>>> print(open('entry_21.cif').read())   # mmCIF, C-alpha atoms
data_input
loop_
_atom_site.label_atom_id
_atom_site.label_comp_id
_atom_site.auth_asym_id
_atom_site.auth_seq_id
_atom_site.Cartn_x
_atom_site.Cartn_y
_atom_site.Cartn_z
CA MET L 195 -23.29 1.35 -2.16
CA LEU L 196 -21.20 -1.67 -2.98
CA GLN L 197 -20.72 -4.17 -0.21
CA ARG L 198 -17.22 -5.43 -0.97
CA ARG L 199 -15.60 -7.22 1.96
CA LEU L 200 -12.35 -5.73 3.20
CA GLY L 201 -9.56 -6.71 5.45
CA MET L 202 -9.47 -4.99 8.81
CA ASP L 203 -6.84 -4.31 11.45
CA GLU L 204 -8.58 -6.15 14.28
CA GLU L 205 -5.88 -5.23 16.77
CA MET L 206 -6.25 -1.53 15.97
CA PHE L 207 -10.02 -1.87 16.44
CA ARG L 208 -9.50 -3.42 19.86
CA ILE L 209 -6.87 -0.86 20.90
CA LEU L 210 -8.97 2.13 19.87
CA ARG L 211 -12.06 0.72 21.55
CA GLN L 212 -10.22 0.08 24.80
CA GLN L 213 -8.43 3.47 24.72
CA ARG L 214 -11.83 5.13 24.58
CA GLY L 215 -13.14 2.98 27.41
CA LEU L 216 -15.82 1.45 25.20
CA THR L 217 -17.28 -2.04 25.40
CA LEU L 218 -18.40 -3.93 22.33
CA GLN L 219 -21.95 -3.11 23.33
CA ASP L 220 -21.08 0.60 23.40
CA VAL L 221 -19.69 0.39 19.86
CA ALA L 222 -22.73 -1.63 18.81
CA THR L 223 -25.07 1.06 20.11
CA ARG L 224 -23.14 3.84 18.41
CA SER L 225 -22.69 2.04 15.09
CA GLY L 226 -26.04 0.30 14.78
CA LEU L 227 -24.31 -3.06 14.38
CA SER L 228 -24.92 -6.06 16.61
CA ARG L 229 -22.56 -6.87 19.46
CA SER L 230 -22.08 -10.44 18.25
CA TYR L 231 -21.16 -9.23 14.76
CA LEU L 232 -18.61 -6.78 16.19
CA SER L 233 -17.16 -9.54 18.37
CA GLU L 234 -16.65 -11.76 15.32
CA ILE L 235 -14.99 -8.86 13.45
CA GLU L 236 -12.67 -8.05 16.37
CA ASN L 237 -11.67 -11.72 16.65
CA GLY L 238 -10.97 -11.98 12.92
CA LYS L 239 -13.82 -14.39 12.23
CA LYS L 240 -15.65 -12.08 9.83
CA LYS L 241 -14.62 -9.45 7.31
CA PRO L 242 -16.74 -6.29 7.46
CA SER L 243 -18.24 -4.54 4.46
CA ILE L 244 -17.31 -0.96 3.62
CA LYS L 245 -20.61 0.19 5.13
CA ALA L 246 -19.85 -1.66 8.38
CA LEU L 247 -16.31 -0.23 8.49
CA GLU L 248 -17.68 3.28 8.07
CA ALA L 249 -20.13 2.70 10.92
CA ILE L 250 -17.37 1.40 13.21
CA ALA L 251 -15.04 4.29 12.31
CA GLY L 252 -17.84 6.74 13.09
CA ALA L 253 -18.48 5.07 16.44
CA LEU L 254 -14.78 5.38 17.33
CA ASN L 255 -14.47 8.91 15.85
CA VAL L 256 -11.59 8.02 13.54
CA SER L 257 -11.14 7.99 9.78
CA LEU L 258 -11.94 4.75 7.99
CA GLU L 259 -8.32 4.33 6.88
CA VAL L 260 -7.20 3.87 10.48
CA LEU L 261 -9.07 0.56 10.66
CA LEU L 262 -7.61 -0.82 7.46
CA PRO L 263 -4.56 -3.09 7.71
CA GLU L 264 -1.20 -1.65 6.75
CA PRO L 265 -0.49 -2.38 3.08
CA THR L 266 2.40 -4.63 2.18
CA GLU L 267 5.27 -3.40 0.03
CA ALA L 268 3.73 -5.19 -2.93
CA GLU L 269 0.51 -3.18 -2.71
CA ILE L 270 0.12 0.08 -4.61
CA ARG L 271 -1.41 2.44 -2.12
CA LEU L 272 -2.64 4.99 -4.64
CA GLY L 273 -4.68 2.39 -6.53
CA ASP L 274 -6.13 1.07 -3.29
CA ARG L 275 -7.13 4.56 -2.16
CA LEU L 276 -8.82 5.34 -5.46
CA LYS L 277 -10.67 2.03 -5.54
CA LEU L 278 -11.88 2.37 -1.97
CA ALA L 279 -13.07 5.94 -2.59
CA ARG L 280 -14.84 4.89 -5.79
CA GLU L 281 -16.67 2.07 -4.06
CA ARG L 282 -17.61 4.31 -1.15
CA GLU L 283 -19.30 6.58 -3.71
CA GLY L 284 -21.10 3.54 -5.17
CA MET L 285 -19.62 4.15 -8.61
CA SER L 286 -18.49 1.60 -11.16
CA VAL L 287 -15.17 1.66 -13.01
CA THR L 288 -17.02 2.65 -16.19
CA GLU L 289 -18.86 5.55 -14.53
CA VAL L 290 -15.68 7.05 -13.08
CA ALA L 291 -13.69 6.51 -16.27
CA GLU L 292 -16.34 8.24 -18.40
CA SER L 293 -16.48 11.18 -15.99
CA VAL L 294 -12.72 11.67 -16.25
CA GLY L 295 -12.44 10.94 -19.96
CA ILE L 296 -10.27 7.82 -19.78
CA SER L 297 -11.00 4.21 -20.65
CA PRO L 298 -12.33 1.76 -18.04
CA GLY L 299 -9.38 -0.50 -18.83
CA TYR L 300 -6.90 2.26 -18.00
CA LEU L 301 -8.67 3.03 -14.72
CA GLY L 302 -8.55 -0.65 -13.87
CA GLU L 303 -4.79 -0.64 -14.43
CA ILE L 304 -4.43 2.40 -12.14
CA GLU L 305 -6.42 0.72 -9.37
CA ARG L 306 -4.35 -2.47 -9.70
CA GLY L 307 -1.12 -0.47 -9.55
CA GLN L 308 -0.16 -1.29 -13.12
CA ALA L 309 -0.25 2.33 -14.31
CA LEU L 310 0.53 5.71 -12.74
CA PRO L 311 -1.71 8.54 -14.01
CA ALA L 312 -0.56 12.03 -14.87
CA VAL L 313 -1.17 14.66 -12.22
CA ASP L 314 -4.11 16.25 -14.08
CA THR L 315 -5.78 12.86 -14.50
CA LEU L 316 -5.18 12.02 -10.85
CA ARG L 317 -6.67 15.35 -9.78
CA GLN L 318 -9.81 14.65 -11.85
CA LEU L 319 -10.10 11.12 -10.47
CA ALA L 320 -9.81 12.42 -6.91
CA GLU L 321 -12.54 14.98 -7.54
CA VAL L 322 -14.95 12.45 -9.06
CA VAL L 323 -14.58 9.91 -6.23
CA ALA L 324 -14.43 12.57 -3.48
CA LEU L 325 -10.90 11.64 -2.43
CA PRO L 326 -9.02 14.51 -0.69
CA LEU L 327 -6.15 15.72 -2.85
CA SER L 328 -3.75 15.32 0.05
CA GLN L 329 -4.45 11.59 -0.02
CA ALA L 330 -4.43 11.31 -3.79
CA PHE L 331 -1.04 13.02 -4.03
CA GLN L 332 0.46 11.16 -1.09
CA CYS L 333 3.98 10.12 -2.09
CA GLY L 334 6.59 7.94 -0.52
CA THR L 335 10.01 8.21 -2.14
CA LEU L 336 11.98 11.35 -2.89
CA GLY L 337 11.60 10.64 -6.61
CA ASP L 338 7.83 10.36 -6.28
CA LYS L 339 7.67 13.73 -4.54
CA VAL L 340 9.84 15.47 -7.12
CA ARG L 341 7.78 14.11 -10.01
CA MET L 342 4.44 14.96 -8.36
CA LEU L 343 5.49 18.53 -7.55
CA ARG L 344 7.08 19.10 -10.97
CA GLU L 345 3.95 17.97 -12.81
CA ARG L 346 1.70 19.93 -10.48
CA LEU L 347 3.65 23.09 -11.44
CA GLY L 348 3.44 22.17 -15.14
CA LEU L 349 7.21 21.89 -15.54
CA SER L 350 8.99 19.56 -17.91
CA ARG L 351 12.08 17.70 -16.76
CA ALA L 352 14.18 19.95 -18.97
CA GLU L 353 12.68 23.08 -17.43
CA LEU L 354 13.23 21.90 -13.87
CA ALA L 355 16.76 20.81 -14.76
CA GLN L 356 17.58 24.24 -16.16
CA MET L 357 16.15 25.97 -13.08
CA ALA L 358 18.11 23.71 -10.71
CA ASP L 359 21.31 23.74 -12.79
CA VAL L 360 21.34 19.98 -13.43
CA THR L 361 20.76 17.85 -16.52
CA PRO L 362 17.34 16.52 -17.64
CA GLY L 363 18.82 13.03 -17.44
CA PHE L 364 19.64 13.57 -13.79
CA ILE L 365 16.04 14.64 -13.05
CA ALA L 366 14.77 11.54 -14.84
CA GLN L 367 17.05 9.27 -12.82
CA LEU L 368 16.09 11.05 -9.60
CA GLU L 369 12.37 10.66 -10.28
CA ASN L 370 12.85 6.98 -11.07
CA ASN L 371 14.83 6.49 -7.84
CA LYS L 372 17.92 5.43 -9.76
CA THR L 373 20.28 8.05 -8.34
CA GLN L 374 20.79 10.23 -5.28
CA ALA L 375 21.38 13.95 -5.09
CA SER L 376 23.73 15.93 -2.89
CA LEU L 377 22.22 18.20 -0.27
CA PRO L 378 23.09 21.41 -2.18
CA THR L 379 21.41 20.00 -5.29
CA LEU L 380 18.34 19.00 -3.29
CA ARG L 381 18.15 22.51 -1.86
CA ARG L 382 18.14 24.00 -5.35
CA ILE L 383 15.48 21.53 -6.53
CA SER L 384 13.29 22.13 -3.49
CA GLN L 385 13.49 25.91 -4.02
CA CYS L 386 12.43 25.45 -7.65
CA LEU L 387 9.47 23.29 -6.55
CA GLY L 388 8.43 25.65 -3.77
CA VAL L 389 8.89 23.24 -0.86
CA SER L 390 11.34 22.80 1.97
CA THR L 391 14.31 20.49 1.56
CA CYS L 392 13.21 18.38 4.51
CA TYR L 393 9.90 17.66 2.78
CA LEU L 394 11.85 15.84 0.08
CA ILE L 395 14.31 13.91 2.21
CA LEU L 396 12.73 13.15 5.58
CA GLU L 397 10.98 9.88 6.30
CA ASP L 398 7.33 10.55 7.12
CA ASP L 399 6.44 7.26 8.84
CA SER L 400 5.95 8.71 12.32
CA ALA L 401 4.11 11.79 11.05
CA GLU L 402 1.86 9.70 8.81
CA GLU L 403 1.04 7.41 11.71
CA MET L 404 0.05 10.39 13.85
CA ILE L 405 -2.10 11.80 11.05
CA ARG L 406 -3.79 8.43 10.52
CA LEU L 407 -4.91 8.44 14.16
CA LEU L 408 -6.36 11.96 14.09
CA ASN L 409 -10.11 12.28 14.00
CA PRO L 410 -11.60 13.29 10.60
CA ASP L 411 -12.18 16.94 11.60
CA LEU L 412 -8.52 17.50 12.46
CA ARG L 413 -7.36 15.68 9.33
CA GLU L 414 -9.55 17.95 7.22
CA LEU L 415 -8.06 21.01 8.92
CA LEU L 416 -4.51 19.84 8.11
CA GLN L 417 -5.46 19.74 4.42
CA GLU L 418 -6.07 23.49 4.27
CA PRO L 419 -3.39 25.28 2.19
CA ARG L 420 -2.83 27.87 4.94
CA ILE L 421 -2.06 25.16 7.50
CA GLN L 422 0.28 23.33 5.11
CA LEU L 423 2.10 26.60 4.39
CA VAL L 424 2.71 27.10 8.11
CA LEU L 425 3.98 23.53 8.50
CA ARG L 426 6.42 24.00 5.63
CA MET L 427 7.72 27.20 7.19
CA VAL L 428 8.19 25.44 10.52
CA CYS L 429 10.17 22.72 8.79
CA ASP L 430 12.99 25.13 7.91
CA MET L 431 13.11 26.97 11.25
CA THR L 432 16.20 27.13 13.38
CA GLU L 433 16.05 25.94 16.97
CA LYS L 434 15.82 29.53 18.26
CA GLU L 435 13.08 30.42 15.80
CA PHE L 436 11.06 27.35 16.75
CA GLU L 437 11.45 28.09 20.48
CA PHE L 438 10.22 31.64 19.84
CA LEU L 439 7.17 30.23 18.03
CA LEU L 440 6.41 27.91 20.95
CA GLN L 441 6.64 30.79 23.39
CA PHE L 442 4.31 32.88 21.22
CA ILE L 443 1.75 30.06 21.12
CA ARG L 444 1.92 29.68 24.90
CA LEU L 445 1.35 33.40 25.41
CA LEU L 446 -1.51 33.37 22.91
CA LYS L 447 -3.25 30.53 24.71
CA GLN L 448 -2.72 32.20 28.10
CA SER L 449 -4.26 35.44 26.82
CA GLY L 450 -7.51 33.63 26.12
CA LEU L 451 -7.90 35.14 22.64
CA GLN L 452 -10.33 33.31 20.38
#
>>> encode(input="entry_21.cif", output="structure tokens")
Amino acid sequence: MLQRRLGMDEEMFRILRQQRGLTLQDVATRSGLSRSYLSEIENGKKKPSIKALEAIAGALNVSLEVLLPEPTEAEIRLGDRLKLAREREGMSVTEVAESVGISPGYLGEIERGQALPAVDTLRQLAEVVALPLSQAFQCGTLGDKVRMLRERLGLSRAELAQMADVTPGFIAQLENNKTQASLPTLRRISQCLGVSTCYLILEDDSAEEMIRLLNPDLRELLQEPRIQLVLRMVCDMTEKEFEFLLQFIRLLKQSGLQ
């Protein structure tokens, strides 16, 4: 495994350790790292290797990404995720590129944020470096989401435009974040893409933060298609429907059914 040095969110490390009632010695015992080394990491005096970060994350029962510092707006998060996953697998740029059938130079551009791969290429990259698809396809803007979903369904811009009763030029501008759509138009587009309207338009900062803090087992559960289908259905519920669902869950838990 490569031992590249990474940045680390020292404050998050300290907060998580203290929330769990752990001393540095406790984390040292669980991770196999020395207390003095952990103290220097927590105080920002040393940058841990990927192997050390994995050991610390395991000791705290969180995913590795939780300990990484928040990326700046200038950073391309997809490229960072792919590069981190590749290095965790101990693979070189050439090895991954050959496995996917692209050039090492092109993969380097993707990791540096200078190129955005097609959905099929991204899916292959994620499989080779063992990156969960939910992380590989993570999108930020409305345009990003529309493009990702359209390509995943194998639709051209013209086909989606015809289905949603808009022009191909409008879809292109929407995907490039150069225009905005009315709510009725977004509803038609979301129906064509098989997602809820709120998935396209809502800011996910708070939800993403909650997901980042979940332990790895729960994060893996949320990636199951059945769970995601339920979450999408909940997204379009009325207040009365949602209250009925909550009541049903309470009754289910009280019944003691497994």
>>> atom_distance(input="entry_21.cif", atom1="CA of Ser449 in chain L", atom2="CA of Leu415 in chain L")
23.3 Å
>>> closest_residue(input="entry_21.cif", among="L:Val323, L:Ile250, L:Val340, L:Ala358", to="Leu232 in chain L", atoms="all atoms listed in the file")
L:Ile250
>>> resolve_selection(input="entry_21.cif", expression="the PyMOL selection byres ((chain L and resi 341-353) around 10)", output="PyMOL selection string")
chain L and resi 312-314+317+331-333+336-340+354-366+368-370+383-384+386-389
>>> resolve_selection(input="entry_21.cif", expression="the PyMOL selection byres ((chain L and resi 311) around 12)", output="list in words")
Leu272, Gly273, Leu276, Val294, Ile296, Tyr300, Leu301, Gly302, Glu303, Ile304, Glu305, Gly307, Gln308, Ala309, Leu310, Ala312, Val313, Asp314, Thr315, Leu316, Arg317, Gln318, Leu319, Ala320, Ala330, Phe331, Arg341, Met342 and Glu345 of chain L
>>> write_last_selection(input="entry_21.cif", atoms="C-alpha atoms", output="PDB file, keeping the file's coordinate frame")
ATOM      1  CA  LEU L 272      -2.640   4.990  -4.640  1.00  0.00           C
ATOM      2  CA  GLY L 273      -4.680   2.390  -6.530  1.00  0.00           C
ATOM      3  CA  LEU L 276      -8.820   5.340  -5.460  1.00  0.00           C
ATOM      4  CA  VAL L 294     -12.720  11.670 -16.250  1.00  0.00           C
ATOM      5  CA  ILE L 296     -10.270   7.820 -19.780  1.00  0.00           C
ATOM      6  CA  TYR L 300      -6.900   2.260 -18.000  1.00  0.00           C
ATOM      7  CA  LEU L 301      -8.670   3.030 -14.720  1.00  0.00           C
ATOM      8  CA  GLY L 302      -8.550  -0.650 -13.870  1.00  0.00           C
ATOM      9  CA  GLU L 303      -4.790  -0.640 -14.430  1.00  0.00           C
ATOM     10  CA  ILE L 304      -4.430   2.400 -12.140  1.00  0.00           C
ATOM     11  CA  GLU L 305      -6.420   0.720  -9.370  1.00  0.00           C
ATOM     12  CA  GLY L 307      -1.120  -0.470  -9.550  1.00  0.00           C
ATOM     13  CA  GLN L 308      -0.160  -1.290 -13.120  1.00  0.00           C
ATOM     14  CA  ALA L 309      -0.250   2.330 -14.310  1.00  0.00           C
ATOM     15  CA  LEU L 310       0.530   5.710 -12.740  1.00  0.00           C
ATOM     16  CA  ALA L 312      -0.560  12.030 -14.870  1.00  0.00           C
ATOM     17  CA  VAL L 313      -1.170  14.660 -12.220  1.00  0.00           C
ATOM     18  CA  ASP L 314      -4.110  16.250 -14.080  1.00  0.00           C
ATOM     19  CA  THR L 315      -5.780  12.860 -14.500  1.00  0.00           C
ATOM     20  CA  LEU L 316      -5.180  12.020 -10.850  1.00  0.00           C
ATOM     21  CA  ARG L 317      -6.670  15.350  -9.780  1.00  0.00           C
ATOM     22  CA  GLN L 318      -9.810  14.650 -11.850  1.00  0.00           C
ATOM     23  CA  LEU L 319     -10.100  11.120 -10.470  1.00  0.00           C
ATOM     24  CA  ALA L 320      -9.810  12.420  -6.910  1.00  0.00           C
ATOM     25  CA  ALA L 330      -4.430  11.310  -3.790  1.00  0.00           C
ATOM     26  CA  PHE L 331      -1.040  13.020  -4.030  1.00  0.00           C
ATOM     27  CA  ARG L 341       7.780  14.110 -10.010  1.00  0.00           C
ATOM     28  CA  MET L 342       4.440  14.960  -8.360  1.00  0.00           C
ATOM     29  CA  GLU L 345       3.950  17.970 -12.810  1.00  0.00           C
TER      30      GLU L 345
END
>>> residues_around(input="entry_21.cif", residues="Ala279 in chain L", least_positions_apart="2", cutoff="8 Å", atoms="only C-alpha atoms", output="PyMOL selection string")
chain L and resi 275-277+281-283+323-325
>>> residues_near_point(input="entry_21.cif", point="(19.5, 17.7, 2.3)", cutoff="6 Å", atoms="only C-alpha atoms", output="PDB file with C-alpha atoms, in the coordinates of the input")
ATOM      1  CA  LEU L 377      22.220  18.200  -0.270  1.00  0.00           C
ATOM      2  CA  LEU L 380      18.340  19.000  -3.290  1.00  0.00           C
ATOM      3  CA  THR L 391      14.310  20.490   1.560  1.00  0.00           C
TER       4      THR L 391
END
>>> atom_distance(input="entry_21.cif", atom1="CA of Thr288 in chain L", atom2="CA of Lys241 in chain L")
26.5 Å
>>> axis_aligned_box(input="entry_21.cif", around="range 370-376 of chain L", padding_each_side="5 Å", output="lines of an AutoDock Vina configuration file")
center_x = 18.3
center_y = 10.7
center_z = -7.0
size_x = 20.9
size_y = 20.5
size_z = 18.2
